[in-house]
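All remarks here apply to the structure that follows.
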Amino acid sequence: MLENKVVTRFAPSPTGFIHVGNVRTALYAWLLARKNNGQFILRIEDTDKVREVEGSIEHIKKSLKWLGLNWDQGPDIGGPHAPYIQSERLESYKKHAKILIEKGFAYADPYTEEEIEKLRKEAELEKKPFLYREHRPENPPAWDGTKPLRFKVSELKRTVWNDLVWGELSAGPEALDDFVLIKSDGYPTYNFAHVIDDIEMKVTHVVRGQEFIASTPKFLSLYEAFGVVPPLFVTTPPIMSSDGKKKLGKRDGAKDILDYEKEGYLPETMINYLTFLGFNPGGEKEVYSREEIINIFDLNKVQHSGAQWNDDKLNWMNKEHMKLLPQEEINKNILKYLPTDKQNSKIVPVIFERISKWGDIKEMVERGEFDFFFNAPVCAKEKLIFKNCSPEKISNNLKLAIEALKALDEKDFDLESIKTSLMSIANKLDSRGELLHPVRFALSGLDKSPDPFTIASILGKNETLFRLQKAI
RNA sequence: GGCCCCAUCGUCUAACGGUUAGGACAGCGGGUUUUCAAUCCGUCAAUCAGAGUUCGAUUCUCUGUGGGGUCACCA
């Protein structure tokens with residue numbers, strides 16, 4: 001029973017942050033595990049000590065936690081196949097390397113890096129693909145750990161395998177070569193380590209990006225050498241950058257996933273958006289909760305081609321998810337992004353309808369878009385004028401507004417009453433703007449602002465009358 | 001360049017071989033309570049090309065074209 005459980009993993013290398021491309025692969029692996037009540041493993045692939053970046057592991061864990069991609073086995077929490085950090089599993093790789101040597105599937109590489117580079121250049125000049133196995137040494141030295149250990153391809157054949165997303169895939173014999181298993185520094189290569197780990201950790205579904213399709217024949221030849229049935233492969237399509245048509249990567253400006261948290265996107269949005277970038281369950285619904293996504297997720301409906309990243313759609317989707325939040329949650333978040341001197345709960349609804357992510361509030365505050373709620377604006381005279389009305393007419397209209405508003409009781413000074421009151425005057429004019437524009441501008445001092453009724457209801461009776469009077 | 005993969009509106013995508021090729025984002029136009037935002041309504045917009053199979057092809061086959069991936073002691 002337990003043996004049939006779906007086991008997936010996310011295996012990042014600690015070379016910095018993870019971006020949306022990495023996250024989506026992790027997400028699909030997580031969804032697959034959750035959908036099948038399986039196990040999701042977090043494994044750290046730190047076999048390249050040169051590229052390793054301090055603090056990456058914590059940063060990656062923080063990213064996954066923010067997104068809610070919880071793992072069942074991994075660093076810190078452990079599990080039946082601990083440790084989950086490759087640099088702590090070197091003994092295991094060594095053990096498996098020896099098995100391969102004994103079986104005649106591995107040998108020490110006697111060449112220096114320079115010599116190999118030379119052979120590679122020669123092949124390039126002849127316009128032939130470089131294959132190490134064509135230069136395989138006849139009598140390789142015993143492996144003492146100081147030379148790279150290479151896999152020995154035994155059978156050159158066409159490799160055919162099945163992928164749960166793409167269906168049947170294949171590659172010719174040129175995809176098979178004597179690749180390095182253990183580097184001269186003693187660390188295993190990705191090609192070797194991840195296969196050993198996947199075997200030992202009983203991973204059933206290897207979810208990975210399509211950049212690994214080309215090297216799959218190598219992985220399969222390794223499984224074969226060990227006499228182990230390979231796991232199922234689940235290959236995800238790439239996410240393309242929004243401008244060009246390149247696969248999104250750090251070099252093309254892919255952002256740290258935690259930047260999206262800083263900008264005020266909801267984790268639910270990222271999950272929803274990323275799932276649907278390369279997957280669609282059919283139907284017209286697009287906004288889904290995390291639980292709904294787990295239910296509808298289906299490998300058969302994963303796309304095969306790359307999908308361009310689109311910030312507009314992401315923003316739209318984030319707004320949709322924000323609308324689903326309970327009111328208290330919205331209030332709390334908006335107040336969190338407002339400086340202490342501007343934390344007026346009355347302006348919360350006004351702010352909410354103008355943002356698509358919490359971080360927008362910060363920018364609006366920086367642009368001073370809310371200052372008029374707290375300090376009376378200085379109004380340029382000519383801007384009070386609506387179209388080609390005379391100053392006298394505007395002044396007179398403002399007086400009418402003041403009288404009408406004065407008539408309202410302080411307790412009734414709410415949005416509806418103000419609107420009714422002012423509209424009854426405005427409707428009698430040639431154009432409503434002759435009244436509404438100057439009132440709005442007198443209250444806000446801005447070309448773009450909320451409507452006059454809303455502003456007045458927030459400012460309150462006294463302040464509203466004061467500003468209108470001042471404008472006259 | 002070799003090998004592998006992919007191809008529907010600008011973008012993300014839907015469509016048992018039979019639909020006026022649908023939806024969403026963006027764009028554009030309009031309504032609502034001046035403007036902006038929000039919201040509602042409307043609108044523009046696609047099957048890469050050419051053969052073949054078929055009564056019928058977005059869908060199946062082949063070729064071409066275009067795009068992507070990969071060819072490390074990186075993962």
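We name chains A, B, ... following the order of the structure tokens; residues begin at 1 in each chain, and ligands are numbered from 1 as shown.
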Test item: chain A residues at most 8 Å from chain B, counting only C-alpha atoms (C1' of nucleotides), as a ChimeraX atom specification: /A:13,45,48,113,127-129,148,170-172,174-175,180,182-184,189-190,210-215,245-247,276-277,280,282-284,286,304-308,310,312-313,316,353-354,432-434,436-437,447-450
Test item, strand (DSSP E or B) assignment across region 81-190 of chain A, answer as an NGL selection string: :A and (85 or 106-108 or 149-151 or 159-163 or 167-171 or 180-182 or 188)
For Gly79 (chain A): contacts at 12 Å, only C-alpha atoms (C1' of nucleotides), fewer than 2 positions along chain excluded, given as an MDAnalysis selection string: chainID A and resid 39:43 71:77 81:85 201
Mind checking which residues fall within 7 Å of Tyr132 (chain A), counting only C-alpha atoms (C1' of nucleotides), ignoring those fewer than 4 positions away in the same chain, and posting them as a tab-separated table (two decimals) with N, CA and C atoms, in the first residue's frame?
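Written out: out.tsv:
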chain	number	residue	atom	x	y	z
A	136	ARG	N	37.45	7.01	-25.59
A	136	ARG	CA	37.51	6.22	-24.36
A	136	ARG	C	38.87	5.53	-24.24
A	177	ASP	N	26.47	9.11	-23.99
A	177	ASP	CA	27.91	9.31	-23.95
A	177	ASP	C	28.44	8.94	-22.57
A	178	ASP	N	29.74	8.87	-22.48
A	178	ASP	CA	30.35	8.56	-21.18
A	178	ASP	C	30.42	9.82	-20.33
Using only C-alpha atoms (C1' of nucleotides), which protein or nucleic acid residues come within 10 Å of Phe370 (chain A)? Drop anything in the same chain fewer than 3 positions from it, and give the result as a JSON list (two decimals) with C-alpha atoms, in the first residue's frame.
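The file below, around09.json, is the result:
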[["chain", "number", "residue", "atom", "x", "y", "z"],
["A", 338, "LEU", "CA", -0.01, 53.00, 4.88],
["A", 342, "LYS", "CA", -2.25, 58.16, 7.03],
["A", 347, "ILE", "CA", -10.00, 55.72, 2.99],
["A", 350, "VAL", "CA", -11.10, 54.15, -1.92],
["A", 351, "ILE", "CA", -7.67, 52.59, -1.91],
["A", 361, "ILE", "CA", -0.40, 51.45, -2.06],
["A", 364, "MET", "CA", 0.48, 55.84, -4.41],
["A", 365, "VAL", "CA", 1.54, 57.13, -1.01],
["A", 366, "GLU", "CA", 4.92, 58.09, -2.45],
["A", 367, "ARG", "CA", 3.18, 60.02, -5.22],
["A", 373, "PHE", "CA", -7.45, 63.40, 2.68],
["A", 374, "PHE", "CA", -5.29, 64.77, 5.47],
["A", 375, "ASN", "CA", -4.38, 68.29, 4.37],
["A", 444, "SER", "CA", -8.91, 67.14, -3.75],
["A", 449, "SER", "CA", -9.19, 61.63, -7.71]]
